[in-house]
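J.: I am attaching a structure below and will ask some questions about it afterwards.
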Amino acid sequence: MSDTTCGTAIVHACPPHRVRAVLDALNGYGLYYDGPADDETDSETRTRKALHLGETYTDDQFCCGDASRLADWLTTSAPEAAFTIYEEPAREWVGTCLTYVPGLGSFTADCDYQGELLFTQSQVLKLLNEPEGVRQRALGLTWKAAIDAMPGQAVHEPESHATHWNHPRGEVTVVGSDQGAGNLTIAAPGDSDQVDAAPTKDGFQRAGARGQLDDTVHIWRTDVYRIPED
């Protein structure tokens, strides 16, 4: 059984169409938001998910070493997102803090119970004669400056549409795809990757995981977003 500690994730920036992917990743590692509710989405009747930027998503049974695995998941499923993940010290180990900002990449350092970075005296002394830019990166200040400029708020996923893939027929149906004007049926023969690609020609992208809707007729359901305009 893996050693556990307290884990925390903070998402600093995320485009709306990546909200569900980020929340799926955080929740997959047991990290949840427990702060004040967002009136628009955090209710029993919510239909759109909200991601609270700059707020903590925590778990007190976070597996040691999962910070890097979660970071890999996030950078793969939501490459535009900026985030910090830290594991508190456990047993004989210090904590680990990992920050990712698009364009800067990842920064990892030891940390304490509050996620504050820890540097040894020898590490600091070694930086004294380095150029300012080198020191800034080595101490994580380049990432901190970028994050400090990001607004903290709740960001909401776009409206999504239920989509049914009828495998035997080779069809994908986007339900209510045009503001109540009806359903859109798209020819989609082939495997699941080809099925995901088919709706993109009509301006949609898959929003979440696919699940089997009907055991007898092999219909699979997922949600799609309209592809955001550049």
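Each chain in the structure tokens gets a letter, A, B, ..., in the order shown, and its residues are numbered from 1; ligands are numbered from 1 in order too.
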Got a sec to tell me which of range 8-230 of chain A DSSP assigns to helix (DSSP H, G or I), as a VMD selection string?
T.: chain A and resid 16 to 28 66 to 77 121 to 127 132 to 138 141 to 148 192 to 202
J.: Neighbours of range 124-132 of chain A within 12 Å (only C-alpha atoms; same-chain residues fewer than 6 positions away dropped), as a short mmCIF file (atom, residue, chain, number, x, y, z; two decimals) with N, CA and C atoms, in the first residue's frame?
T.:
```
data_model
loop_
_atom_site.label_atom_id
_atom_site.label_comp_id
_atom_site.auth_asym_id
_atom_site.auth_seq_id
_atom_site.Cartn_x
_atom_site.Cartn_y
_atom_site.Cartn_z
N LEU A 118 11.21 25.18 -0.26
CA LEU A 118 12.35 25.04 0.63
C LEU A 118 13.62 24.91 -0.20
N ALA A 138 15.69 29.59 -11.05
CA ALA A 138 16.10 28.56 -10.09
C ALA A 138 15.27 28.60 -8.81
N LEU A 139 14.77 29.77 -8.45
CA LEU A 139 13.96 29.91 -7.23
C LEU A 139 12.46 29.86 -7.52
N LEU A 141 10.74 32.00 -9.17
CA LEU A 141 10.13 33.33 -9.18
C LEU A 141 9.56 33.69 -10.55
N THR A 142 10.12 33.12 -11.60
CA THR A 142 9.59 33.36 -12.94
C THR A 142 8.16 32.83 -13.04
#
```
J.: Write down as a short mmCIF file (atom, residue, chain, number, x, y, z; two decimals) with N, CA, C and O atoms, in the first residue's frame the residues belonging to range 27-221 of chain A that are assigned strand (DSSP E) by DSSP computed on the backbone.
T.:
```cif
data_model
loop_
_atom_site.label_atom_id
_atom_site.label_comp_id
_atom_site.auth_asym_id
_atom_site.auth_seq_id
_atom_site.Cartn_x
_atom_site.Cartn_y
_atom_site.Cartn_z
N TYR A 32 -10.80 17.68 -4.28
CA TYR A 32 -12.09 18.35 -4.43
C TYR A 32 -12.05 19.73 -3.79
O TYR A 32 -11.32 19.97 -2.82
N TYR A 33 -12.87 20.61 -4.32
CA TYR A 33 -13.02 21.97 -3.79
C TYR A 33 -14.04 21.97 -2.67
O TYR A 33 -15.12 21.37 -2.80
N ALA A 50 -18.05 24.09 -12.86
CA ALA A 50 -17.27 25.29 -12.57
C ALA A 50 -15.93 24.89 -11.97
O ALA A 50 -15.85 23.98 -11.13
N LEU A 51 -14.89 25.57 -12.40
CA LEU A 51 -13.56 25.38 -11.84
C LEU A 51 -13.16 26.67 -11.15
O LEU A 51 -13.22 27.75 -11.75
N HIS A 52 -12.80 26.60 -9.89
CA HIS A 52 -12.49 27.78 -9.09
C HIS A 52 -10.99 28.07 -9.17
O HIS A 52 -10.18 27.42 -8.53
N THR A 56 -8.05 26.13 -3.55
CA THR A 56 -7.45 24.83 -3.29
C THR A 56 -8.44 23.69 -3.50
O THR A 56 -9.60 23.77 -3.10
N TYR A 57 -7.95 22.64 -4.13
CA TYR A 57 -8.64 21.35 -4.24
C TYR A 57 -7.77 20.36 -3.46
O TYR A 57 -6.58 20.19 -3.77
N THR A 58 -8.34 19.74 -2.43
CA THR A 58 -7.50 19.02 -1.48
C THR A 58 -7.98 17.59 -1.23
O THR A 58 -9.13 17.23 -1.50
N ASP A 59 -7.06 16.80 -0.67
CA ASP A 59 -7.36 15.44 -0.22
C ASP A 59 -6.34 15.08 0.85
O ASP A 59 -5.13 15.30 0.67
N ASP A 60 -6.81 14.53 1.98
CA ASP A 60 -5.88 14.17 3.04
C ASP A 60 -5.40 12.73 2.93
O ASP A 60 -4.71 12.22 3.82
N GLN A 61 -5.76 12.05 1.84
CA GLN A 61 -5.27 10.69 1.58
C GLN A 61 -4.65 10.62 0.19
O GLN A 61 -4.90 9.71 -0.59
N PHE A 62 -3.85 11.62 -0.11
CA PHE A 62 -3.19 11.73 -1.42
C PHE A 62 -1.96 10.83 -1.41
O PHE A 62 -1.15 10.86 -0.48
N CYS A 63 -1.79 10.01 -2.42
CA CYS A 63 -0.66 9.08 -2.46
C CYS A 63 0.64 9.82 -2.75
O CYS A 63 0.71 10.66 -3.66
N ALA A 82 -2.74 26.37 -16.34
CA ALA A 82 -1.61 26.61 -15.44
C ALA A 82 -2.03 26.14 -14.05
O ALA A 82 -3.15 26.39 -13.61
N PHE A 83 -1.12 25.48 -13.33
CA PHE A 83 -1.51 24.89 -12.05
C PHE A 83 -0.30 24.67 -11.15
O PHE A 83 0.84 24.66 -11.60
N THR A 84 -0.61 24.51 -9.86
CA THR A 84 0.38 24.11 -8.86
C THR A 84 -0.19 22.91 -8.10
O THR A 84 -1.36 22.92 -7.71
N ILE A 85 0.62 21.91 -7.88
CA ILE A 85 0.25 20.75 -7.08
C ILE A 85 1.34 20.55 -6.03
O ILE A 85 2.53 20.57 -6.36
N TYR A 86 0.94 20.36 -4.77
CA TYR A 86 1.97 20.03 -3.78
C TYR A 86 1.50 18.94 -2.83
O TYR A 86 0.33 18.81 -2.51
N GLU A 87 2.49 18.12 -2.45
CA GLU A 87 2.30 17.07 -1.46
C GLU A 87 2.99 17.51 -0.18
O GLU A 87 4.16 17.91 -0.21
N GLY A 95 8.16 17.73 1.57
CA GLY A 95 7.09 17.81 0.58
C GLY A 95 7.63 18.11 -0.81
O GLY A 95 8.80 18.46 -0.99
N THR A 96 6.75 17.97 -1.78
CA THR A 96 7.10 18.25 -3.18
C THR A 96 6.08 19.21 -3.76
O THR A 96 4.87 19.00 -3.60
N CYS A 97 6.56 20.26 -4.41
CA CYS A 97 5.68 21.23 -5.06
C CYS A 97 6.03 21.29 -6.54
O CYS A 97 7.20 21.44 -6.90
N LEU A 98 5.01 21.18 -7.39
CA LEU A 98 5.21 21.22 -8.84
C LEU A 98 4.29 22.27 -9.43
O LEU A 98 3.09 22.26 -9.19
N THR A 99 4.85 23.18 -10.21
CA THR A 99 4.08 24.23 -10.88
C THR A 99 4.28 24.13 -12.38
O THR A 99 5.40 23.90 -12.85
N TYR A 100 3.19 24.33 -13.11
CA TYR A 100 3.27 24.31 -14.57
C TYR A 100 2.58 25.56 -15.12
O TYR A 100 1.45 25.88 -14.72
N VAL A 101 3.25 26.24 -16.02
CA VAL A 101 2.69 27.39 -16.73
C VAL A 101 2.99 27.20 -18.21
O VAL A 101 4.17 27.00 -18.58
N GLY A 105 6.82 25.92 -18.93
CA GLY A 105 7.06 24.53 -18.58
C GLY A 105 6.87 24.28 -17.10
O GLY A 105 6.13 25.01 -16.42
N SER A 106 7.55 23.27 -16.58
CA SER A 106 7.36 22.83 -15.19
C SER A 106 8.49 23.31 -14.29
O SER A 106 9.64 23.44 -14.73
N PHE A 107 8.14 23.55 -13.04
CA PHE A 107 9.12 23.86 -12.00
C PHE A 107 8.80 22.99 -10.79
O PHE A 107 7.65 22.95 -10.33
N THR A 108 9.80 22.30 -10.25
CA THR A 108 9.60 21.41 -9.11
C THR A 108 10.61 21.74 -8.03
O THR A 108 11.80 21.97 -8.32
N ALA A 109 10.15 21.77 -6.77
CA ALA A 109 11.04 22.03 -5.64
C ALA A 109 10.47 21.35 -4.40
O ALA A 109 9.30 20.98 -4.34
N ASP A 110 11.33 21.21 -3.38
CA ASP A 110 10.86 20.75 -2.08
C ASP A 110 9.97 21.81 -1.45
O ASP A 110 10.09 23.01 -1.76
N CYS A 111 9.08 21.38 -0.54
CA CYS A 111 8.19 22.35 0.11
C CYS A 111 7.83 21.89 1.51
O CYS A 111 8.07 20.75 1.91
N LEU A 117 8.09 26.90 -0.74
CA LEU A 117 9.27 26.24 -1.27
C LEU A 117 10.42 26.26 -0.26
O LEU A 117 10.60 27.22 0.50
N LEU A 118 11.21 25.18 -0.26
CA LEU A 118 12.35 25.04 0.63
C LEU A 118 13.62 24.91 -0.20
O LEU A 118 13.68 24.10 -1.13
N ALA A 154 -14.09 31.99 -10.83
CA ALA A 154 -14.68 30.72 -11.27
C ALA A 154 -14.84 30.78 -12.78
O ALA A 154 -15.32 31.76 -13.32
N VAL A 155 -14.36 29.74 -13.46
CA VAL A 155 -14.52 29.66 -14.90
C VAL A 155 -15.45 28.48 -15.18
O VAL A 155 -15.34 27.42 -14.58
N HIS A 156 -16.42 28.69 -16.08
CA HIS A 156 -17.46 27.70 -16.33
C HIS A 156 -17.25 27.02 -17.67
O HIS A 156 -16.85 27.66 -18.64
N SER A 160 -22.84 22.13 -23.12
CA SER A 160 -22.50 20.88 -23.81
C SER A 160 -23.76 20.25 -24.38
O SER A 160 -24.88 20.57 -23.98
N HIS A 161 -23.57 19.34 -25.33
CA HIS A 161 -24.66 18.64 -25.97
C HIS A 161 -24.43 17.14 -25.85
O HIS A 161 -23.32 16.66 -26.09
N ALA A 162 -25.47 16.42 -25.47
CA ALA A 162 -25.39 14.96 -25.43
C ALA A 162 -25.19 14.44 -26.85
O ALA A 162 -25.78 14.94 -27.80
N THR A 163 -24.34 13.44 -26.97
CA THR A 163 -24.05 12.84 -28.27
C THR A 163 -24.14 11.33 -28.16
O THR A 163 -23.57 10.73 -27.23
N HIS A 164 -24.86 10.71 -29.10
CA HIS A 164 -25.04 9.26 -29.11
C HIS A 164 -24.34 8.67 -30.33
O HIS A 164 -24.58 9.09 -31.47
N TRP A 165 -23.49 7.69 -30.07
CA TRP A 165 -22.81 6.97 -31.15
C TRP A 165 -23.48 5.63 -31.33
O TRP A 165 -23.42 4.78 -30.43
N ASN A 166 -24.15 5.46 -32.44
CA ASN A 166 -24.77 4.18 -32.78
C ASN A 166 -23.76 3.39 -33.61
O ASN A 166 -23.60 3.62 -34.81
N GLU A 171 -23.22 5.93 -37.00
CA GLU A 171 -23.74 7.29 -36.94
C GLU A 171 -23.49 7.91 -35.57
O GLU A 171 -23.51 7.22 -34.54
N VAL A 172 -23.26 9.21 -35.58
CA VAL A 172 -23.20 10.00 -34.35
C VAL A 172 -24.30 11.04 -34.41
O VAL A 172 -24.43 11.76 -35.40
N THR A 173 -25.11 11.11 -33.34
CA THR A 173 -26.19 12.10 -33.28
C THR A 173 -25.91 13.08 -32.16
O THR A 173 -25.77 12.69 -30.99
N VAL A 174 -25.79 14.36 -32.51
CA VAL A 174 -25.63 15.43 -31.53
C VAL A 174 -27.04 15.95 -31.20
O VAL A 174 -27.74 16.46 -32.07
N LEU A 184 -28.50 16.71 -34.88
CA LEU A 184 -27.60 16.63 -36.01
C LEU A 184 -27.03 15.23 -36.06
O LEU A 184 -26.39 14.78 -35.11
N THR A 185 -27.27 14.50 -37.16
CA THR A 185 -26.75 13.15 -37.34
C THR A 185 -25.62 13.17 -38.35
O THR A 185 -25.75 13.73 -39.45
N ILE A 186 -24.49 12.56 -37.96
CA ILE A 186 -23.27 12.60 -38.76
C ILE A 186 -22.84 11.17 -39.04
O ILE A 186 -22.82 10.32 -38.13
N ALA A 187 -22.48 10.87 -40.26
CA ALA A 187 -21.95 9.56 -40.60
C ALA A 187 -20.60 9.38 -39.92
O ALA A 187 -19.72 10.24 -40.01
N PHE A 204 -17.67 20.50 -33.52
CA PHE A 204 -17.83 19.97 -32.17
C PHE A 204 -16.58 19.18 -31.77
O PHE A 204 -15.90 18.61 -32.62
N GLN A 205 -16.33 19.15 -30.44
CA GLN A 205 -15.27 18.31 -29.91
C GLN A 205 -15.76 17.60 -28.66
O GLN A 205 -16.64 18.10 -27.95
N ARG A 206 -15.22 16.41 -28.41
CA ARG A 206 -15.67 15.61 -27.26
C ARG A 206 -15.30 16.31 -25.96
O ARG A 206 -14.19 16.78 -25.78
N GLY A 211 -19.56 6.56 -22.40
CA GLY A 211 -20.11 5.45 -21.64
C GLY A 211 -21.22 4.77 -22.42
O GLY A 211 -21.92 5.42 -23.21
N GLN A 212 -21.40 3.48 -22.19
CA GLN A 212 -22.42 2.75 -22.93
C GLN A 212 -23.81 3.11 -22.43
O GLN A 212 -24.10 3.03 -21.24
N LEU A 213 -24.67 3.54 -23.33
CA LEU A 213 -26.02 3.98 -22.99
C LEU A 213 -26.99 2.82 -22.96
O LEU A 213 -27.89 2.77 -22.13
N ASP A 214 -26.82 1.87 -23.87
CA ASP A 214 -27.77 0.77 -23.99
C ASP A 214 -27.00 -0.53 -24.25
O ASP A 214 -26.28 -0.63 -25.25
N ILE A 219 -25.34 1.54 -28.12
CA ILE A 219 -25.29 2.99 -28.27
C ILE A 219 -24.42 3.55 -27.15
O ILE A 219 -24.61 3.21 -25.98
N TRP A 220 -23.47 4.40 -27.52
CA TRP A 220 -22.56 5.00 -26.55
C TRP A 220 -22.83 6.49 -26.46
O TRP A 220 -23.07 7.15 -27.47
N ARG A 221 -22.76 7.01 -25.22
CA ARG A 221 -23.07 8.42 -24.99
C ARG A 221 -21.85 9.17 -24.50
O ARG A 221 -21.04 8.66 -23.72
#
```
J.: Pick out the closest residue to Ser77 in chain A from this set: A:Ala207, A:Gly152, A:Gln136, A:Arg169. Count only C-alpha atoms.
T.: A:Ala207
J.: Here is a test: counting only C-alpha atoms, which residue of A:Gly140, A:Gly176, A:Gly133, A:Pro102 is nearest to His12 in chain A?
T.: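 Residue with the minimum atom-to-atom distance to His12 in chain A: A:Pro102.
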J.: For range 19-26 of chain A, work out the shell of residues within 10 Å, counting only C-alpha atoms and skipping chain neighbours fewer than 2 positions away, then give it as a ChimeraX atom specification.
T.: /A:8-11,13-17,28-33,48-52,57-59,70-79,81,155-158,207-209
J.: Just the number, please: distance in Å from CA of Gly103 in chain A to CA of Glu80 in chain A, one decimal.
T.: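 One can read the CA of Gly103 in chain A to CA of Glu80 in chain A distance as 9.3 Å.
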J.: Using Å and a single decimal, report how far CA of Pro168 in chain A sits from CA of Ala198 in chain A.
T.: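 Calculated distance between CA of Ala198 in chain A and CA of Pro168 in chain A is 15.8 Å.
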